[in-house]
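Let me begin by presenting the structure, written as structure tokens, before commenting on it.
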Amino acid sequence: MLLFEHKKDLQSYKAQSPIQKEIFYLTEITFQKLQRTTPTTLSSSELSSVVSRTDLDRMWQKDLKPMLVVRYPGSTGSQHVQQHIKSTLGSMNTGWEVTEDAFYAHTPYSQLPFTNIIATLNPAAKRQLVLACHFDSKYYPPQWDGREFLGATDSAVPCSMILELARAQDDDLKTLKDSGSDLSLQLFFFDGEEALYQWTSEDSLYGSRHLAHKMSTTAHPPEATNTSQLDGIDLFVLLDLIGGPNPRFGNQFSSTTRWLSRLQKIERRLHALGHLKNHPNEVQYFWPGLHVGLILDDHVPFLNQGVRILHLISTPFPEVWHTFDDNEENLDRISISNLNKILQVFVLEYLNKKSQNPIAEGS
Ligand code: 1BN
Ligand code: ZN
């Protein structure tokens, strides 16, 4: 079946000759199959309702403050943060299924324990939209001046944004879970993204390498013989280095330009409706036309296995990147609040296929 987002697209399709129509049909059907997901577009009043549910002060107190501790793999802070993520998700109405992917790995220092946390709305769903972040902080040996690396943008804020999304949209996510939709939501909180000593292919991405391998060797659906959990990932959205002033997200992957454009479209709509603060131009953050080179991060083990990636990492990196100034004081509250709103609309539109209302031609 051909689907048209706008009536004029259907009219111009009808005006074509039979052979043009045939070519259009074959191209479009292939394209639509490859794209797989058709998001909905929320009305202005639905948008207002979605953005009204998110609360930056609440996120700050409930998620960010508890995460702003030293939390390198195996540390006491890491244990506390893991407990925080699990108890936060466990306290929601949605009924997240929270699991751990715990393992030991050799590092330049010693063998260390690592734990990824995975929260799944509906494990039986055929496809999953994945939102991912890393909760570990970069390890710095004790400093003479006693300063601690807290990794506020790297990546306490991204993890807090994901927890706040789950909290703010708890009711809608519960409805989605109860609907038994084919497309659902999964949250990955990775441990050990950072190099312990110096970034190499062995000393980095400990958690994401482990989980990607595990998912590639786990059948999905469980009775399948030739598809794995990785095949079930519809889109993998990785958040990193968010929270500094003037964030800009460029385009690393042509396969997901469409989704970066969608974020830009949401940014424009929320701007026009006056929902974004300190946002002078209709586009400030999302730049699908700005091509940036590949940035190494937790998506790489998934990318290498053919998963579609949307990497939301500020370019250039925040000025405080990997310095002791990557702390609460240097965060830009307003852009975090604006990005929360945009991300939450994006996720709900992505997942809510039911209210889509395309104009159909043939079948
Ligand atoms: C991102 C945040 N990364 C580490 N903290 C990955 C990275 C490491 C990106 C080195 C570029 C260089
Ligand atoms: Zn880092």
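Residue numbering restarts at 1 in every chain; chains get A, B, ... in the order shown in the structure tokens, and ligands count up from 1 in that same order.
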| All residues having an atom within 8 Å of ligand 1 (only C-alpha atoms and all ligand atoms) as a count of residues only | 15
| field | DSSP helix (DSSP H, G or I) residues within stretch 38-216 of chain A, as a PyMOL selection string | value | chain A and resi 44-52+56-67+76-90+152-168+170-179+206-216
| said: as a PyMOL selection string, please: the residues near A:Leu121 (cut-off 7 Å, only C-alpha atoms, same-chain neighbours under 3 positions excluded). | reply: chain A and resi 96-97+177+184-186
Produce a table with one row for each residue of stretch 87-163 of chain A that has an atom at most 9 Å from any atom of stretch 209-226 of chain A, each row naming the nearest atom pair and its distance in Å at one decimal; use only C-alpha atoms; arrange rows by chain and rising residue number; format as CSV.
```
residue,atom,partner,partner_atom,distance
A:Asp101,CA,A:Leu211,CA,7.1
A:Phe103,CA,A:His210,CA,8.3
A:Asn116,CA,A:Leu211,CA,7.6
A:Ala124,CA,A:Pro221,CA,7.3
A:Ala125,CA,A:Pro221,CA,8.5
A:Lys126,CA,A:Pro221,CA,7.1
```
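Using only C-alpha atoms, the smallest distance between any of A:Asn122, A:Gln169, A:Thr315, A:Asn278 and A:Asp55 comes from A:Gln169.
Proximity ranking of A:Gly77, A:Tyr285, A:Asp136, A:Thr54 relative to A:Glu164 places A:Thr54 first, based on only C-alpha atoms.
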| said: When DSSP is applied to the backbone of this structure, which of stretch 21-256 of chain A are assigned strand (DSSP E or B)? Write them out as number ranges by chain. | reply: A: 97-106, 111-120, 127-134, 183-190, 219, 228, 233-240, 249-251
Now that the selection is made, can you save its residues with N, CA and C atoms as a CSV table (one decimal), in the first residue's frame?
```csv
chain,number,residue,atom,x,y,z
A,97,GLU,N,10.5,-3.7,32.7
A,97,GLU,CA,11.2,-5.0,33.0
A,97,GLU,C,12.7,-4.5,33.0
A,98,VAL,N,13.3,-4.6,34.2
A,98,VAL,CA,14.6,-4.1,34.3
A,98,VAL,C,15.6,-5.3,34.5
A,99,THR,N,16.6,-5.4,33.7
A,99,THR,CA,17.5,-6.5,33.8
A,99,THR,C,19.0,-5.9,33.8
A,100,GLU,N,19.9,-6.8,34.2
A,100,GLU,CA,21.3,-6.3,34.3
A,100,GLU,C,22.1,-7.2,33.4
A,101,ASP,N,23.1,-6.7,32.8
A,101,ASP,CA,24.1,-7.4,32.0
A,101,ASP,C,25.4,-7.2,32.7
A,102,ALA,N,25.7,-8.1,33.7
A,102,ALA,CA,26.9,-8.0,34.5
A,102,ALA,C,28.0,-8.9,34.1
A,103,PHE,N,29.2,-8.4,34.1
A,103,PHE,CA,30.3,-9.2,33.6
A,103,PHE,C,31.6,-8.6,34.2
A,104,TYR,N,32.7,-9.3,34.0
A,104,TYR,CA,34.0,-8.8,34.4
A,104,TYR,C,34.9,-8.7,33.1
A,105,ALA,N,35.7,-7.7,33.1
A,105,ALA,CA,36.6,-7.5,31.9
A,105,ALA,C,38.0,-7.1,32.4
A,106,HIS,N,39.0,-7.4,31.6
A,106,HIS,CA,40.4,-7.0,31.9
A,106,HIS,C,40.5,-5.5,31.5
A,111,GLN,N,41.3,-6.6,36.6
A,111,GLN,CA,40.0,-7.0,36.1
A,111,GLN,C,39.0,-6.3,36.9
A,112,LEU,N,37.9,-5.7,36.3
A,112,LEU,CA,36.9,-4.9,37.0
A,112,LEU,C,35.5,-5.4,36.6
A,113,PRO,N,34.6,-5.2,37.6
A,113,PRO,CA,33.2,-5.6,37.3
A,113,PRO,C,32.5,-4.4,36.5
A,114,PHE,N,31.6,-4.8,35.6
A,114,PHE,CA,30.8,-3.9,34.8
A,114,PHE,C,29.4,-4.4,34.8
A,115,THR,N,28.5,-3.4,34.8
A,115,THR,CA,27.0,-3.8,34.8
A,115,THR,C,26.3,-2.8,33.9
A,116,ASN,N,25.7,-3.3,32.8
A,116,ASN,CA,24.8,-2.5,32.0
A,116,ASN,C,23.4,-2.7,32.6
A,117,ILE,N,22.6,-1.7,32.5
A,117,ILE,CA,21.2,-1.8,32.9
A,117,ILE,C,20.3,-1.6,31.7
A,118,ILE,N,19.3,-2.6,31.6
A,118,ILE,CA,18.4,-2.5,30.4
A,118,ILE,C,17.0,-2.5,30.9
A,119,ALA,N,16.2,-1.5,30.5
A,119,ALA,CA,14.8,-1.4,30.9
A,119,ALA,C,14.0,-1.6,29.6
A,120,THR,N,13.0,-2.5,29.7
A,120,THR,CA,12.2,-2.9,28.5
A,120,THR,C,10.7,-2.7,28.8
A,127,ARG,N,9.8,-5.0,17.5
A,127,ARG,CA,10.8,-4.0,17.3
A,127,ARG,C,10.9,-3.0,18.5
A,128,GLN,N,12.1,-2.5,18.7
A,128,GLN,CA,12.3,-1.6,19.8
A,128,GLN,C,13.0,-0.3,19.3
A,129,LEU,N,12.5,0.8,19.8
A,129,LEU,CA,13.2,2.1,19.8
A,129,LEU,C,14.1,2.1,21.0
A,130,VAL,N,15.4,2.2,20.8
A,130,VAL,CA,16.3,2.2,21.9
A,130,VAL,C,16.8,3.6,22.2
A,131,LEU,N,16.7,4.0,23.5
A,131,LEU,CA,17.4,5.2,24.0
A,131,LEU,C,18.5,4.8,24.9
A,132,ALA,N,19.7,5.3,24.6
A,132,ALA,CA,20.9,4.9,25.3
A,132,ALA,C,21.8,6.0,25.8
A,133,CYS,N,22.5,5.7,26.9
A,133,CYS,CA,23.4,6.7,27.5
A,133,CYS,C,24.5,5.9,28.3
A,134,HIS,N,25.5,6.5,28.7
A,134,HIS,CA,26.5,5.7,29.6
A,134,HIS,C,26.4,6.4,31.0
A,183,LEU,N,5.8,-2.2,18.2
A,183,LEU,CA,6.9,-1.3,18.3
A,183,LEU,C,6.9,-0.7,19.7
A,184,SER,N,8.0,-0.9,20.5
A,184,SER,CA,8.1,-0.5,21.9
A,184,SER,C,9.3,0.2,22.2
A,185,LEU,N,9.6,0.4,23.5
A,185,LEU,CA,10.7,1.3,23.9
A,185,LEU,C,11.6,0.5,24.8
A,186,GLN,N,12.9,0.7,24.6
A,186,GLN,CA,13.9,0.1,25.5
A,186,GLN,C,14.9,1.1,25.9
A,187,LEU,N,15.4,1.0,27.1
A,187,LEU,CA,16.4,2.0,27.6
A,187,LEU,C,17.7,1.3,28.0
A,188,PHE,N,18.8,1.7,27.5
A,188,PHE,CA,20.1,1.1,27.8
A,188,PHE,C,20.9,2.1,28.6
A,189,PHE,N,21.4,1.7,29.8
A,189,PHE,CA,22.3,2.5,30.6
A,189,PHE,C,23.6,1.7,30.6
A,190,PHE,N,24.6,2.2,29.8
A,190,PHE,CA,25.9,1.5,29.7
A,190,PHE,C,26.9,1.8,30.8
A,219,ALA,N,18.3,-15.1,20.3
A,219,ALA,CA,17.3,-15.1,19.3
A,219,ALA,C,16.1,-14.1,19.7
A,228,SER,N,18.1,-12.1,15.5
A,228,SER,CA,18.6,-11.9,16.9
A,228,SER,C,17.9,-10.6,17.5
A,233,ILE,N,16.1,-4.1,16.8
A,233,ILE,CA,16.3,-2.6,17.1
A,233,ILE,C,15.9,-1.8,15.9
A,234,ASP,N,14.8,-1.1,16.0
A,234,ASP,CA,14.3,-0.2,14.9
A,234,ASP,C,15.2,1.0,14.7
A,235,LEU,N,15.6,1.6,15.8
A,235,LEU,CA,16.5,2.7,15.8
A,235,LEU,C,17.2,2.8,17.2
A,236,PHE,N,18.5,3.1,17.1
A,236,PHE,CA,19.3,3.2,18.3
A,236,PHE,C,19.7,4.7,18.5
A,237,VAL,N,19.1,5.3,19.5
A,237,VAL,CA,19.4,6.7,19.7
A,237,VAL,C,20.3,6.9,20.9
A,238,LEU,N,21.5,7.4,20.7
A,238,LEU,CA,22.5,7.5,21.7
A,238,LEU,C,22.6,9.0,22.1
A,239,LEU,N,22.5,9.3,23.4
A,239,LEU,CA,22.7,10.6,23.9
A,239,LEU,C,24.0,10.7,24.6
A,240,ASP,N,24.8,11.7,24.3
A,240,ASP,CA,26.1,11.9,25.0
A,240,ASP,C,26.5,13.4,24.9
A,249,PHE,N,23.6,19.4,17.0
A,249,PHE,CA,23.7,18.0,16.7
A,249,PHE,C,23.7,17.9,15.2
A,250,GLY,N,24.9,17.4,14.7
A,250,GLY,CA,25.1,17.3,13.2
A,250,GLY,C,24.8,15.9,12.8
A,251,ASN,N,25.0,15.6,11.5
A,251,ASN,CA,24.6,14.4,10.9
A,251,ASN,C,25.8,13.5,10.6
```
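Coordinates place atom CA of A:Trp60 at a distance of 23.5 Å from atom CA of A:Gly192.
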